[in-house]
Amino acid sequence: MFDDIKPHLIELRKRLAISVASLIVMFFVMFYFHEIILAWMVEPLNVALAEVGKKSVHAADGMVTTSQVGGAFFVALKVSFFAAIIGALPIILAQIWMFIAPALYANEKKMIIPFILGGTTMFGVGVLFAYYIVTPFGFDFLITFGSFKFTPLINIEDYVGFFTKIMFGFGIAFELPIFAYFLALLGMIDDRMMRDFFKYAVIIIFIVAALLTPPDVLTQLLMAGPLIILYGFSILIVRLVNPAPPLEEEDEEDDNESKEDSEVNRLQESKQD
């Protein structure tokens, strides 16, 4: 049994090694630009802190602080790693496709370029949606709430971890139409399966939104709403790629299969007699 899976393990190790190597290279590249990337990440926070001074004349403007001796260095590492994953994403997606390619038909193997471009684009769209739509509303509400009594002192280490979690959450969530398309292309799912799973998907979406967003209803809805829309859009994509057969045809196929089974059983019984 081990001999059968050994080639797959060797191939998996190769793909993982290439992915990790690309991630390491991108990390050093992004570390050189970490100050620019950090400024981009902190911009929504600075805007929200500026609103504190406008909405409350009695409270001081908020501040971004660090509570660790090497806080700035560790933040630079986190920022660089976050940017490195995004930068190396095309290579990582290519390695995923190459790993599953041996199990595909020749025409399916040619879909590697659409898979890489589509996956990278949708991840970027998810990150930009979170940055320009979700975080301004979420940070404005969370930081300015109660600022007339308290001066917000935001820990930069906590903020960067919180920010990257939201970005990755939306980036991965926006991959749903891409993965649905290719799963349908491989015949693994159809539109009826996705429609039947919709009520469970809504529950899962709200659970994921609650885990990845701040504990306020507005931000959770800003994540859950687009995800539900993306799920509905994925159903349309799957319907175009691999539509489910009409129920009448399925019933006829089931009847034919039952007839064939009964005929086989009858022949076996006659042979035994």
# chains A, B, ... in the order shown; residues from 1 in each chain; ligands from 1

call {"tool": "select_by_dssp", "arguments": {"residues": "stretch 22-172 of chain A", "states": "strand (DSSP E)", "output": "PyMOL selection string"}}
result
chain A and resi 63-65+153-155

call {"tool": "select_by_dssp", "arguments": {"residues": "stretch 102-175 of chain A", "states": "helix (DSSP H, G or I)", "output": "ChimeraX atom specification"}}
result
/A:102-103,106-109,112-144,156-173

call {"tool": "closest_residue", "arguments": {"among": "A:Ile86, A:Val208, A:Ile10, A:Ile18", "to": "A:Ile228", "atoms": "only C-alpha atoms"}}
result
A:Val208

call {"tool": "residues_around", "arguments": {"residues": "A:Lys110", "least_positions_apart": "5", "cutoff": "12 Å", "atoms": "only C-alpha atoms", "output": "list in words"}}
result
Ala94, Trp97, Met98, Ala101, Pro102, Leu104, Tyr105, Phe115 and Ile116 of chain A

call {"tool": "write_last_selection", "arguments": {"atoms": "N, CA and C atoms", "output": "compact mmCIF listing (two decimals), in the first residue's frame"}}
result
# COMPACT_ATOMS: atom_id res chain seq x y z
N ALA A 94 -0.29 27.47 -8.74
CA ALA A 94 0.26 26.64 -9.82
C ALA A 94 0.71 25.29 -9.28
N TRP A 97 -2.30 23.07 -8.68
CA TRP A 97 -2.83 22.52 -9.94
C TRP A 97 -1.92 21.41 -10.48
N MET A 98 -0.61 21.60 -10.40
CA MET A 98 0.32 20.60 -10.90
C MET A 98 0.25 19.31 -10.09
N ALA A 101 -2.89 17.63 -11.40
CA ALA A 101 -2.93 17.51 -12.86
C ALA A 101 -2.85 16.07 -13.36
N PRO A 102 -2.04 15.17 -12.76
CA PRO A 102 -1.97 13.79 -13.27
C PRO A 102 -3.32 13.07 -13.28
N LEU A 104 -6.13 14.46 -14.15
CA LEU A 104 -7.03 15.17 -15.05
C LEU A 104 -6.85 14.71 -16.49
N TYR A 105 -7.86 14.99 -17.30
CA TYR A 105 -7.76 14.73 -18.73
C TYR A 105 -6.90 15.81 -19.38
N PHE A 115 -6.98 29.00 -13.95
CA PHE A 115 -7.04 28.72 -12.51
C PHE A 115 -6.14 29.68 -11.73
N ILE A 116 -4.93 29.90 -12.21
CA ILE A 116 -4.00 30.80 -11.52
C ILE A 116 -4.48 32.24 -11.59

call {"tool": "closest_atom_pairs", "arguments": {"of": "stretch 42-154 of chain A", "to": "stretch 166-173 of chain A", "cutoff": "9 Å", "atoms": "only C-alpha atoms", "output": "JSON lines"}}
result
{"residue": "A:Phe82", "atom": "CA", "partner": "A:Phe168", "partner_atom": "CA", "distance": 8.8}
{"residue": "A:Met122", "atom": "CA", "partner": "A:Gly171", "partner_atom": "CA", "distance": 7.1}
{"residue": "A:Phe123", "atom": "CA", "partner": "A:Gly171", "partner_atom": "CA", "distance": 4.2}
{"residue": "A:Gly124", "atom": "CA", "partner": "A:Gly171", "partner_atom": "CA", "distance": 6.4}
{"residue": "A:Val125", "atom": "CA", "partner": "A:Gly171", "partner_atom": "CA", "distance": 7.1}
{"residue": "A:Gly126", "atom": "CA", "partner": "A:Gly171", "partner_atom": "CA", "distance": 4.2}
{"residue": "A:Val127", "atom": "CA", "partner": "A:Met167", "partner_atom": "CA", "distance": 5.0}
{"residue": "A:Leu128", "atom": "CA", "partner": "A:Met167", "partner_atom": "CA", "distance": 8.2}
{"residue": "A:Phe129", "atom": "CA", "partner": "A:Phe170", "partner_atom": "CA", "distance": 7.7}
{"residue": "A:Ala130", "atom": "CA", "partner": "A:Met167", "partner_atom": "CA", "distance": 6.1}
{"residue": "A:Tyr131", "atom": "CA", "partner": "A:Met167", "partner_atom": "CA", "distance": 7.3}
{"residue": "A:Thr135", "atom": "CA", "partner": "A:Ile166", "partner_atom": "CA", "distance": 8.5}

call {"tool": "atom_distance", "arguments": {"atom1": "atom CA of A:Gly225", "atom2": "atom CA of A:Ile207"}}
result
12.5 Å

call {"tool": "residues_around", "arguments": {"residues": "A:Leu93", "least_positions_apart": "3", "cutoff": "10 Å", "atoms": "only C-alpha atoms", "output": "CSV table (one decimal) with all heavy atoms, in the first residue's frame"}}
result
chain,number,residue,atom,x,y,z
A,19,SER,N,6.6,25.8,-3.2
A,19,SER,CA,5.8,26.8,-2.6
A,19,SER,C,6.5,27.5,-1.5
A,19,SER,O,6.4,28.7,-1.4
A,19,SER,CB,4.5,26.2,-2.1
A,19,SER,OG,3.8,25.6,-3.2
A,88,ALA,N,3.3,35.4,-3.5
A,88,ALA,CA,3.6,34.1,-3.9
A,88,ALA,C,2.4,33.3,-4.3
A,88,ALA,O,2.5,32.1,-4.7
A,88,ALA,CB,4.4,33.3,-2.8
A,89,LEU,N,1.2,33.9,-4.2
A,89,LEU,CA,0.0,33.2,-4.4
A,89,LEU,C,-0.1,32.5,-5.8
A,89,LEU,O,-0.5,31.4,-5.9
A,89,LEU,CB,-1.2,34.1,-4.2
A,89,LEU,CG,-2.6,33.4,-4.3
A,89,LEU,CD1,-2.7,32.3,-3.2
A,89,LEU,CD2,-3.7,34.5,-4.1
A,90,PRO,N,0.3,33.2,-6.9
A,90,PRO,CA,0.2,32.6,-8.2
A,90,PRO,C,1.1,31.3,-8.3
A,90,PRO,O,0.7,30.3,-8.9
A,90,PRO,CB,0.8,33.6,-9.2
A,90,PRO,CG,0.5,34.9,-8.5
A,90,PRO,CD,0.7,34.6,-7.0
A,96,ILE,N,-0.5,23.7,-6.7
A,96,ILE,CA,-1.7,23.0,-6.3
A,96,ILE,C,-2.3,22.3,-7.6
A,96,ILE,O,-2.6,21.1,-7.6
A,96,ILE,CB,-2.8,23.9,-5.7
A,96,ILE,CG1,-2.3,24.4,-4.3
A,96,ILE,CG2,-4.1,23.1,-5.5
A,96,ILE,CD1,-3.2,25.4,-3.7
A,97,TRP,N,-2.3,23.1,-8.7
A,97,TRP,CA,-2.8,22.5,-9.9
A,97,TRP,C,-1.9,21.4,-10.5
A,97,TRP,O,-2.4,20.4,-11.0
A,97,TRP,CB,-3.0,23.6,-11.0
A,97,TRP,CG,-3.7,23.2,-12.2
A,97,TRP,CD1,-3.1,22.7,-13.4
A,97,TRP,CD2,-5.1,23.1,-12.4
A,97,TRP,NE1,-4.1,22.4,-14.3
A,97,TRP,CE2,-5.3,22.6,-13.7
A,97,TRP,CE3,-6.2,23.4,-11.6
A,97,TRP,CZ2,-6.6,22.4,-14.2
A,97,TRP,CZ3,-7.5,23.2,-12.1
A,97,TRP,CH2,-7.7,22.7,-13.4
A,98,MET,N,-0.6,21.6,-10.4
A,98,MET,CA,0.3,20.6,-10.9
A,98,MET,C,0.3,19.3,-10.1
A,98,MET,O,0.5,18.2,-10.6
A,98,MET,CB,1.8,21.2,-10.9
A,98,MET,CG,2.0,22.2,-11.9
A,98,MET,SD,3.7,22.9,-11.8
A,98,MET,CE,3.6,24.2,-13.1
A,99,PHE,N,-0.1,19.4,-8.8
A,99,PHE,CA,-0.2,18.2,-8.0
A,99,PHE,C,-1.4,17.4,-8.4
A,99,PHE,O,-1.3,16.2,-8.4
A,99,PHE,CB,-0.3,18.6,-6.5
A,99,PHE,CG,-0.5,17.5,-5.6
A,99,PHE,CD1,0.6,16.6,-5.4
A,99,PHE,CD2,-1.7,17.2,-5.0
A,99,PHE,CE1,0.4,15.5,-4.5
A,99,PHE,CE2,-1.9,16.1,-4.1
A,99,PHE,CZ,-0.8,15.3,-3.9
A,112,ILE,N,-4.8,25.4,-16.4
A,112,ILE,CA,-3.9,25.9,-15.3
A,112,ILE,C,-3.8,27.4,-15.3
A,112,ILE,O,-3.9,28.1,-14.2
A,112,ILE,CB,-2.5,25.3,-15.4
A,112,ILE,CG1,-1.6,25.8,-14.3
A,112,ILE,CG2,-1.9,25.5,-16.8
A,112,ILE,CD1,-0.3,25.1,-14.2
A,113,ILE,N,-3.7,28.1,-16.5
A,113,ILE,CA,-3.6,29.5,-16.6
A,113,ILE,C,-4.9,30.2,-16.0
A,113,ILE,O,-4.8,31.1,-15.2
A,113,ILE,CB,-3.3,30.0,-18.0
A,113,ILE,CG1,-1.9,29.4,-18.4
A,113,ILE,CG2,-3.2,31.5,-18.0
A,113,ILE,CD1,-0.8,29.7,-17.6
A,115,PHE,N,-7.0,29.0,-13.9
A,115,PHE,CA,-7.0,28.7,-12.5
A,115,PHE,C,-6.1,29.7,-11.7
A,115,PHE,O,-6.6,30.2,-10.7
A,115,PHE,CB,-6.6,27.3,-12.2
A,115,PHE,CG,-6.6,26.9,-10.8
A,115,PHE,CD1,-7.8,26.7,-10.1
A,115,PHE,CD2,-5.4,26.8,-10.1
A,115,PHE,CE1,-7.8,26.3,-8.8
A,115,PHE,CE2,-5.4,26.4,-8.7
A,115,PHE,CZ,-6.6,26.2,-8.1
A,116,ILE,N,-4.9,29.9,-12.2
A,116,ILE,CA,-4.0,30.8,-11.5
A,116,ILE,C,-4.5,32.2,-11.6
A,116,ILE,O,-4.5,32.9,-10.6
A,116,ILE,CB,-2.6,30.7,-12.1
A,116,ILE,CG1,-2.0,29.3,-11.9
A,116,ILE,CG2,-1.7,31.7,-11.5
A,116,ILE,CD1,-0.7,29.0,-12.6
A,117,LEU,N,-4.8,32.7,-12.8
A,117,LEU,CA,-5.3,34.1,-13.0
A,117,LEU,C,-6.6,34.3,-12.2
A,117,LEU,O,-6.7,35.4,-11.5
A,117,LEU,CB,-5.5,34.4,-14.4
A,117,LEU,CG,-4.2,34.4,-15.3
A,117,LEU,CD1,-4.6,34.7,-16.8
A,117,LEU,CD2,-3.2,35.5,-14.8
A,119,GLY,N,-7.9,32.6,-9.6
A,119,GLY,CA,-7.7,32.5,-8.2
A,119,GLY,C,-7.0,33.7,-7.6
A,119,GLY,O,-7.4,34.2,-6.5
A,120,THR,N,-5.9,34.2,-8.3
A,120,THR,CA,-5.2,35.3,-7.8
A,120,THR,C,-6.1,36.6,-7.9
A,120,THR,O,-6.0,37.4,-6.9
A,120,THR,CB,-3.9,35.5,-8.6
A,120,THR,OG1,-3.1,34.4,-8.6
A,120,THR,CG2,-3.1,36.7,-8.1

call {"tool": "atom_distance", "arguments": {"atom1": "atom CA of A:Glu175", "atom2": "atom CA of A:Tyr159"}}
result
24.7 Å

call {"tool": "residues_around", "arguments": {"residues": "A:Phe81", "least_positions_apart": "3", "cutoff": "8 Å", "atoms": "only C-alpha atoms", "output": "ChimeraX atom specification"}}
result
/A:27,30,77-78,84-85

call {"tool": "atom_distance", "arguments": {"atom1": "atom CA of A:Ile237", "atom2": "atom CA of A:Pro177"}}
result
7.3 Å
